[in-house]
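The data block below is target_5.txt; it holds compact mmCIF, C-alpha atoms.
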# COMPACT_ATOMS: atom_id res chain seq x y z
CA MET A 270 36.84 182.11 49.85
CA SER A 271 34.99 182.34 46.52
CA GLU A 272 33.53 185.59 47.85
CA PHE A 273 37.06 186.92 48.32
CA ILE A 274 38.03 185.91 44.77
CA ALA A 275 34.92 187.63 43.45
CA TRP A 276 35.94 190.71 45.46
CA LEU A 277 39.43 190.57 43.93
CA GLY A 278 38.00 190.39 40.42
CA ASN A 279 35.95 193.56 40.77
CA PRO A 280 38.17 196.54 41.69
CA GLY A 281 36.28 199.19 43.63
CA LEU A 282 36.93 201.84 46.21
CA THR A 283 38.48 199.44 48.73
CA HIS A 284 41.11 198.23 46.26
CA TYR A 285 42.31 201.74 45.50
CA LEU A 286 42.36 202.62 49.20
CA ILE A 287 44.46 199.56 50.03
CA VAL A 288 46.97 200.23 47.24
CA SER A 289 47.26 203.84 48.41
CA ALA A 290 47.69 202.72 52.04
CA LEU A 291 50.58 200.48 50.92
CA LEU A 292 52.10 203.35 48.93
CA PHE A 293 51.78 205.58 52.01
CA SER A 294 53.55 202.94 54.12
CA PHE A 295 56.43 202.71 51.64
CA GLY A 296 56.78 206.48 51.68
CA LEU A 297 56.76 206.59 55.48
CA PHE A 298 59.40 203.84 55.54
CA ALA A 299 61.62 205.88 53.21
CA ILE A 300 61.17 208.98 55.39
CA LEU A 301 62.02 207.07 58.56
CA THR A 302 65.04 205.10 57.38
CA ARG A 303 66.85 207.09 54.69
CA ARG A 304 69.94 209.09 55.55
CA ASN A 305 70.10 211.12 52.34
CA ALA A 306 67.83 214.19 52.41
CA ILE A 307 66.84 213.75 48.75
CA MET A 308 65.68 210.19 49.41
CA ILE A 309 63.52 211.57 52.24
CA LEU A 310 62.03 213.98 49.69
CA MET A 311 61.20 211.01 47.44
CA GLY A 312 59.41 209.39 50.40
CA ILE A 313 57.40 212.58 50.88
CA GLU A 314 56.41 212.49 47.21
CA LEU A 315 55.17 208.90 47.66
CA VAL A 316 53.06 209.94 50.67
CA LEU A 317 51.56 212.90 48.78
CA ASN A 318 50.72 210.67 45.81
CA ALA A 319 49.03 208.15 48.10
CA SER A 320 46.81 210.84 49.59
CA SER A 321 46.03 212.13 46.11
CA ILE A 322 44.90 208.66 44.97
CA ASN A 323 42.55 208.55 47.96
CA PHE A 324 40.97 211.87 47.02
CA VAL A 325 40.42 210.83 43.41
CA ALA A 326 39.09 207.39 44.40
CA PHE A 327 36.55 208.92 46.76
CA SER A 328 35.63 211.43 44.07
CA ARG A 329 34.96 208.55 41.65
CA TYR A 330 33.20 206.04 43.89
CA SER A 331 31.80 207.82 46.92
CA THR A 332 30.72 211.39 46.27
CA GLY A 333 30.35 211.38 42.49
CA THR A 334 31.54 214.97 42.20
CA ILE A 335 34.77 216.47 40.88
CA ASP A 336 35.74 218.15 44.20
CA GLY A 337 38.21 215.41 45.10
CA GLN A 338 40.04 215.92 41.81
CA VAL A 339 40.27 219.68 42.48
CA VAL A 340 41.86 218.93 45.86
CA SER A 341 44.30 216.61 44.08
CA VAL A 342 45.30 219.46 41.76
CA PHE A 343 46.06 221.55 44.84
CA VAL A 344 48.11 218.68 46.27
CA ILE A 345 50.17 218.58 43.04
CA ILE A 346 50.65 222.39 43.16
CA LEU A 347 51.86 222.27 46.76
CA ALA A 348 54.12 219.28 46.00
CA ALA A 349 55.80 221.27 43.23
CA ALA A 350 56.37 224.26 45.53
CA GLU A 351 57.60 221.96 48.30
CA ALA A 352 60.08 220.18 46.01
CA ALA A 353 61.53 223.48 44.74
CA ILE A 354 61.97 224.95 48.23
CA ALA A 355 63.26 221.72 49.77
CA LEU A 356 65.86 221.22 47.03
CA ALA A 357 67.04 224.82 47.43
CA ILE A 358 67.48 224.19 51.15
CA VAL A 359 69.28 220.90 50.47
CA LEU A 360 71.69 222.62 48.06
CA ASN A 361 72.36 225.30 50.65
CA ILE A 362 73.00 222.67 53.32
CA TYR A 363 75.39 220.90 50.96
CA GLN A 364 77.36 224.12 50.44
CA ASN A 365 77.65 224.64 54.20
CA PHE A 366 78.18 221.10 55.49
CA ASN A 367 79.46 219.27 52.39
CA THR A 368 77.00 216.47 53.07
CA VAL A 369 73.25 215.90 52.82
CA ASN A 370 73.03 213.01 55.27
CA VAL A 371 70.48 214.11 57.81
CA ASP A 372 72.13 212.25 60.70
CA GLU A 373 75.39 214.17 60.21
CA ILE A 374 73.80 217.61 60.09
CA ASN A 375 73.54 218.39 63.78
CA ARG A 376 74.81 221.95 64.09
CA LEU A 377 72.56 225.00 63.89
CA LYS A 378 75.48 227.38 63.38
CA ASP A 379 79.02 227.06 62.08
CA MET B 180 37.52 189.13 34.03
CA GLU B 181 37.14 192.61 32.64
CA PHE B 182 39.88 194.46 30.84
CA THR B 183 39.97 197.32 33.39
CA THR B 184 40.50 194.77 36.16
CA ILE B 185 43.63 193.45 34.45
CA ILE B 186 44.86 197.01 33.87
CA PHE B 187 44.25 197.83 37.54
CA TYR B 188 46.30 194.89 38.78
CA VAL B 189 49.11 195.43 36.27
CA PHE B 190 49.55 199.05 37.33
CA ALA B 191 49.06 198.31 41.04
CA LEU B 192 51.83 195.71 40.79
CA LEU B 193 54.09 198.08 38.82
CA MET B 194 53.49 200.90 41.29
CA LEU B 195 54.07 198.87 44.45
CA THR B 196 57.16 197.01 43.19
CA SER B 197 58.78 200.21 41.96
CA ALA B 198 57.85 201.97 45.23
CA ALA B 199 59.49 199.10 47.11
CA PHE B 200 62.55 199.55 44.89
CA VAL B 201 62.61 203.29 45.71
CA VAL B 202 62.59 202.41 49.38
CA MET B 203 65.13 199.57 49.28
CA SER B 204 67.64 200.65 46.63
CA LYS B 205 71.06 201.74 47.82
CA ASN B 206 71.72 203.75 44.68
CA ILE B 207 69.97 207.13 44.61
CA VAL B 208 69.90 207.44 40.82
CA ARG B 209 68.27 204.02 40.47
CA ALA B 210 65.77 204.98 43.18
CA ALA B 211 64.90 208.15 41.24
CA PHE B 212 64.45 206.06 38.09
CA ALA B 213 62.15 203.66 39.96
CA LEU B 214 60.17 206.65 41.24
CA LEU B 215 59.43 207.43 37.59
CA PHE B 216 57.49 204.16 37.28
CA THR B 217 55.65 204.78 40.54
CA LEU B 218 54.50 208.22 39.37
CA MET B 219 53.49 206.79 35.99
CA GLY B 220 51.46 204.11 37.82
CA VAL B 221 49.72 206.82 39.84
CA ALA B 222 48.91 208.63 36.58
CA ALA B 223 47.46 205.38 35.20
CA PHE B 224 45.34 205.06 38.35
CA TYR B 225 44.00 208.57 37.77
CA ALA B 226 43.10 207.60 34.23
CA LEU B 227 41.35 204.46 35.54
CA LEU B 228 39.42 206.62 38.01
CA MET B 229 38.26 208.81 35.12
CA ALA B 230 40.39 211.80 36.09
CA ASP B 231 41.85 212.46 32.64
CA PHE B 232 43.00 216.01 33.38
CA LEU B 233 44.73 214.89 36.58
CA ALA B 234 46.50 212.04 34.80
CA ILE B 235 48.06 214.43 32.30
CA THR B 236 48.88 216.94 35.05
CA GLN B 237 50.54 214.19 37.06
CA ILE B 238 52.80 213.25 34.14
CA LEU B 239 53.59 216.89 33.29
CA VAL B 240 54.30 218.13 36.80
CA TYR B 241 55.66 215.07 38.59
CA VAL B 242 57.53 213.23 35.85
CA GLY B 243 58.49 216.31 33.86
CA GLY B 244 59.16 218.66 36.75
CA ILE B 245 59.62 217.29 40.23
CA LEU B 246 61.51 214.14 39.21
CA VAL B 247 63.94 216.12 37.04
CA LEU B 248 64.42 218.51 39.95
CA LEU B 249 65.17 215.56 42.26
CA VAL B 250 67.71 214.13 39.82
CA PHE B 251 69.35 217.55 39.60
CA GLY B 252 69.50 217.55 43.40
CA VAL B 253 71.16 214.13 43.36
CA MET B 254 73.74 215.27 40.79
CA LEU B 255 74.54 218.51 42.62
CA THR B 256 74.89 217.09 46.11
CA ASN B 257 77.06 214.04 45.54
CA ARG B 258 80.78 213.96 45.17
CA GLN B 259 81.13 213.16 41.50
CA ILE B 260 84.87 212.43 41.76
CA SER B 261 84.45 209.40 43.96
CA VAL B 262 81.18 208.38 42.22
CA ASP B 263 79.50 208.03 45.57
CA VAL B 264 75.80 207.96 44.83
CA LYS B 265 75.15 205.25 47.36
CA THR B 266 73.20 205.94 50.50
CA GLY B 267 72.62 203.99 53.67
CA THR B 268 69.63 203.43 55.88
CA ILE B 269 69.30 203.88 59.61
CA GLN B 270 66.87 202.49 62.19
CA THR B 271 65.59 199.92 59.70
CA PHE B 272 64.11 197.46 62.17
CA PRO B 273 62.06 199.85 64.37
CA ALA B 274 60.87 201.67 61.26
CA LEU B 275 59.83 198.34 59.73
CA LEU B 276 57.83 197.52 62.86
CA ILE B 277 56.10 200.92 62.89
CA VAL B 278 55.32 200.86 59.17
CA ALA B 279 54.05 197.26 59.27
CA ALA B 280 51.79 198.12 62.21
CA LEU B 281 50.52 201.22 60.41
CA ALA B 282 49.90 199.35 57.15
CA GLY B 283 48.07 196.58 59.01
CA THR B 284 45.91 199.08 60.86
CA LEU B 285 45.09 201.04 57.71
CA GLY B 286 44.31 197.85 55.78
CA GLY B 287 42.07 196.56 58.57
CA VAL B 288 40.19 199.84 58.84
CA ILE B 289 39.73 200.08 55.08
CA TRP B 290 38.61 196.46 54.90
CA SER B 291 36.11 196.62 57.76
CA THR B 292 34.57 200.01 57.01
CA GLN B 293 31.34 200.17 55.05
CA TRP B 294 32.22 203.04 52.73
CA PRO B 295 29.32 205.24 51.66
CA THR B 296 28.74 204.96 47.93
CA LEU B 297 26.24 207.71 47.26
CA THR B 298 26.67 208.25 43.55
CA HIS B 299 29.22 207.06 41.08
CA LEU B 300 30.80 209.46 38.67
CA ALA B 301 29.22 208.95 35.27
CA GLU B 302 31.39 207.06 32.80
CA GLY B 303 33.17 209.19 30.25
CA THR B 304 32.68 212.55 31.93
CA ALA B 305 35.12 215.16 30.61
CA THR B 306 36.64 216.56 33.80
CA ALA B 307 38.80 219.40 32.48
CA PRO B 308 35.93 221.90 31.80
CA VAL B 309 34.30 221.07 35.14
CA ILE B 310 37.58 221.56 37.03
CA GLY B 311 38.14 224.86 35.20
CA HIS B 312 34.68 226.12 36.16
CA MET B 313 35.23 225.07 39.78
CA PHE B 314 38.58 226.87 39.92
CA LEU B 315 36.90 230.10 38.84
CA SER B 316 33.79 229.79 41.01
CA VAL B 317 33.78 227.60 44.13
CA TYR B 318 37.55 227.29 44.57
CA LEU B 319 38.50 230.80 43.46
CA LEU B 320 40.15 231.83 46.73
CA PRO B 321 42.25 228.65 47.15
CA PHE B 322 43.21 228.94 43.47
CA GLU B 323 44.51 232.50 43.90
CA ILE B 324 46.30 231.58 47.13
CA ALA B 325 47.94 228.63 45.35
CA SER B 326 49.20 230.95 42.60
CA VAL B 327 50.68 233.32 45.20
CA ILE B 328 52.26 230.36 47.02
CA LEU B 329 53.88 229.19 43.77
CA LEU B 330 55.28 232.69 43.12
CA VAL B 331 56.62 232.96 46.68
CA ALA B 332 58.10 229.46 46.47
CA LEU B 333 59.86 230.28 43.17
CA VAL B 334 61.35 233.54 44.47
CA GLY B 335 62.27 231.93 47.78
CA ALA B 336 63.92 228.92 46.13
CA ALA B 337 65.97 231.18 43.84
CA LEU B 338 67.01 233.29 46.83
CA ILE B 339 67.95 230.33 49.03
CA ALA B 340 69.87 228.44 46.36
CA ARG B 341 71.92 231.48 45.30
CA ARG B 342 75.60 230.91 45.83
CA GLU B 343 76.83 234.30 47.00
CA ARG B 344 75.67 235.85 50.26
CA THR B 345 74.82 239.53 50.46
CA THR B 346 75.08 239.75 54.26

Take the structure I supplied and represent it as structure tokens, if you would.
Amino acid sequence: MSEFIAWLGNPGLTHYLIVSALLFSFGLFAILTRRNAIMILMGIELVLNASSINFVAFSRYSTGTIDGQVVSVFVIILAAAEAAIALAIVLNIYQNFNTVNVDEINRLKD
Amino acid sequence: MEFTTIIFYVFALLMLTSAAFVVMSKNIVRAAFALLFTLMGVAAFYALLMADFLAITQILVYVGGILVLLVFGVMLTNRQISVDVKTGTIQTFPALLIVAALAGTLGGVIWSTQWPTLTHLAEGTATAPVIGHMFLSVYLLPFEIASVILLVALVGAALIARRERTT
């Protein structure tokens, strides 16, 4: 037990990995349960951030090089592109269907 | 207890509670506001992990760009007359089971694995010059591809979101 408390008092790689796993789980939960497409996008952002934390944590504690941070920069770049495209698609869907609830959008063609 | 330990737990708590709020909140605008704190917590984690350049990039791109874009999306796709920014959830119970199982599995794997700790990053390394050199040497091709992807995404987003149709 005292070993566990000592572990808690000294944050290392495992702590960051566990926090990022929890963040990933929250994001997945948002993706699975939300009806609004924009809330699903927020869940995707949470998942991407969780993976990014993992890369940076490994870069800090495991490999000791900056490569993980470079990968994280690429993750941020792709997240920006993804958000722009996805919101354009959501706006287009809203113009066509007048709703962004993913369970009501079930037609491929008008 | 060291100062960085306290900082770590404060930001971990902030991040996870605000992420939980993002997931649970019925109001989309409040969820977007809670996402702000989650992204700020992630930036603080980057700073704790000695990724100073990434921490600033996270705040600039996520908080200044993506979050504003999301809020714009919320404002443009909800009927403002009836002030209906609420949203429901579906399949909560099966999703809760799946996510709890996944989180348990991930936590168990992370806990039981002996992670290789070859070398630690030296304290106080300035990462921005190193990242810049890597972008122009080792990661030159991915860097150029990323720039092309950003251009294509910008043009594509403008084309898709345009109101009038040419066809």

How many Å lie between CA of Met194 (chain B) and CA of Ala348 (chain A), rounded to one decimal?
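These two atoms are separated by 19.0 Å.
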
Excluding Thr283 (chain A) and any residue of its chain fewer than 3 positions from it, enumerate the residues within 7 Å of it, using only C-alpha atoms, and give them as a list in words.
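Selected residues are Leu286 and Ile287 of chain A; Ile289 and Trp290 of chain B.
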
Considering all atoms listed in the file, return as a ChimeraX atom specification whatever protein or nucleic-acid residues lie within 9 Å of region 311-321 of chain B, sequence-local ones (same chain, fewer than 6 positions apart) excluded.
/A:335-336,339,343

What are the closest atom pairs, with distances in Å to one decimal, for all residues of region 276-377 of chain A lying within 12 Å of region 237-244 of chain B? Consider all atoms listed in the file, order rows by chain and residue number, and present the result as a tab-separated table.
residue	atom	partner	partner_atom	distance
A:Met311	CA	B:Tyr241	CA	11.2
A:Glu314	CA	B:Tyr241	CA	9.0
A:Leu315	CA	B:Tyr241	CA	11.0
A:Leu317	CA	B:Tyr241	CA	11.2
A:Asn318	CA	B:Gln237	CA	9.4
A:Ser321	CA	B:Gln237	CA	10.3
A:Ile322	CA	B:Gln237	CA	11.2
A:Gln338	CA	B:Gln237	CA	11.7
A:Ser341	CA	B:Gln237	CA	9.7
A:Val342	CA	B:Gln237	CA	8.8
A:Phe343	CA	B:Gln237	CA	11.6
A:Val344	CA	B:Gln237	CA	10.5
A:Ile345	CA	B:Gln237	CA	7.4
A:Ile346	CA	B:Val240	CA	8.5
A:Leu347	CA	B:Val240	CA	11.1
A:Ala348	CA	B:Tyr241	CA	8.7
A:Ala349	CA	B:Val240	CA	7.3
A:Ala350	CA	B:Gly244	CA	10.8
A:Ala352	CA	B:Gly244	CA	9.4
A:Ala353	CA	B:Gly244	CA	9.6

For the atom pair CA of Leu310 (chain A) and CA of Val201 (chain B), what is the interatomic distance in Å to one decimal place?
11.4 Å

Would you compute the distance between CA of Ala325 (chain B) and CA of Gly333 (chain A)? Give it in Å to one decimal.
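Between CA of Ala325 (chain B) and CA of Gly333 (chain A) the gap works out to 24.8 Å.
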
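Selecting by distance to (56.2, 200.8, 38.4) with a limit of 10 Å and using all atoms listed in the file, one obtains Val189, Phe190, Ala191, Leu192, Leu193, Met194, Leu195, Thr196, Ser197, Ala198, Ala199, Phe200, Phe212, Ala213, Leu214, Leu215, Phe216, Thr217, Leu218, Met219, Gly220 and Val221 of chain B.
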
Taking only C-alpha atoms into account, which of A:Ile354, A:Ala290, A:Leu377, A:Ala306 comes nearest Gly287 (chain B)?
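Going through A:Ile354, A:Ala290, A:Leu377, A:Ala306 one by one, the smallest distance to Gly287 (chain B) is for A:Ala290.
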
Please, what is the axis-aligned box for every listed atom of region 196-206 of chain B with 5 Å on each side, as centre and edge lengths in Å to one decimal, as AutoDock Vina command-line options?
--center_x 64.4 --center_y 200.4 --center_z 45.7 --size_x 24.6 --size_y 16.7 --size_z 17.4

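Ranking B:Leu227, B:Ala336, B:Ala210, B:Ile185 by their shortest atom-to-atom distance to chain A, with only C-alpha atoms included, puts B:Ala336 first.
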
Taking only C-alpha atoms into account, name the residue in A:Ala355, A:Val325, A:Ile307, A:Ile313 that is nearest to Thr368 (chain A).
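Among A:Ala355, A:Val325, A:Ile307, A:Ile313, it is A:Ile307 that comes nearest to Thr368 (chain A).
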
Name the closest residue to chain A among the candidates B:Thr236, B:Ser326, B:Ser291, B:Thr268; distances are taken between atoms, counting all atoms listed in the file.
B:Thr268

Given the choices B:Leu329, B:Ile310, B:Leu338, B:Val278, which gets closest to Phe232 (chain B) if the distance is worked out from only C-alpha atoms?
B:Ile310

When you count only C-alpha atoms, which of these residues is closest to chain A: B:Thr284, B:Thr298, B:Gln293, B:Ser204?
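Using only C-alpha atoms, the shortest distance to chain A belongs to B:Thr298.
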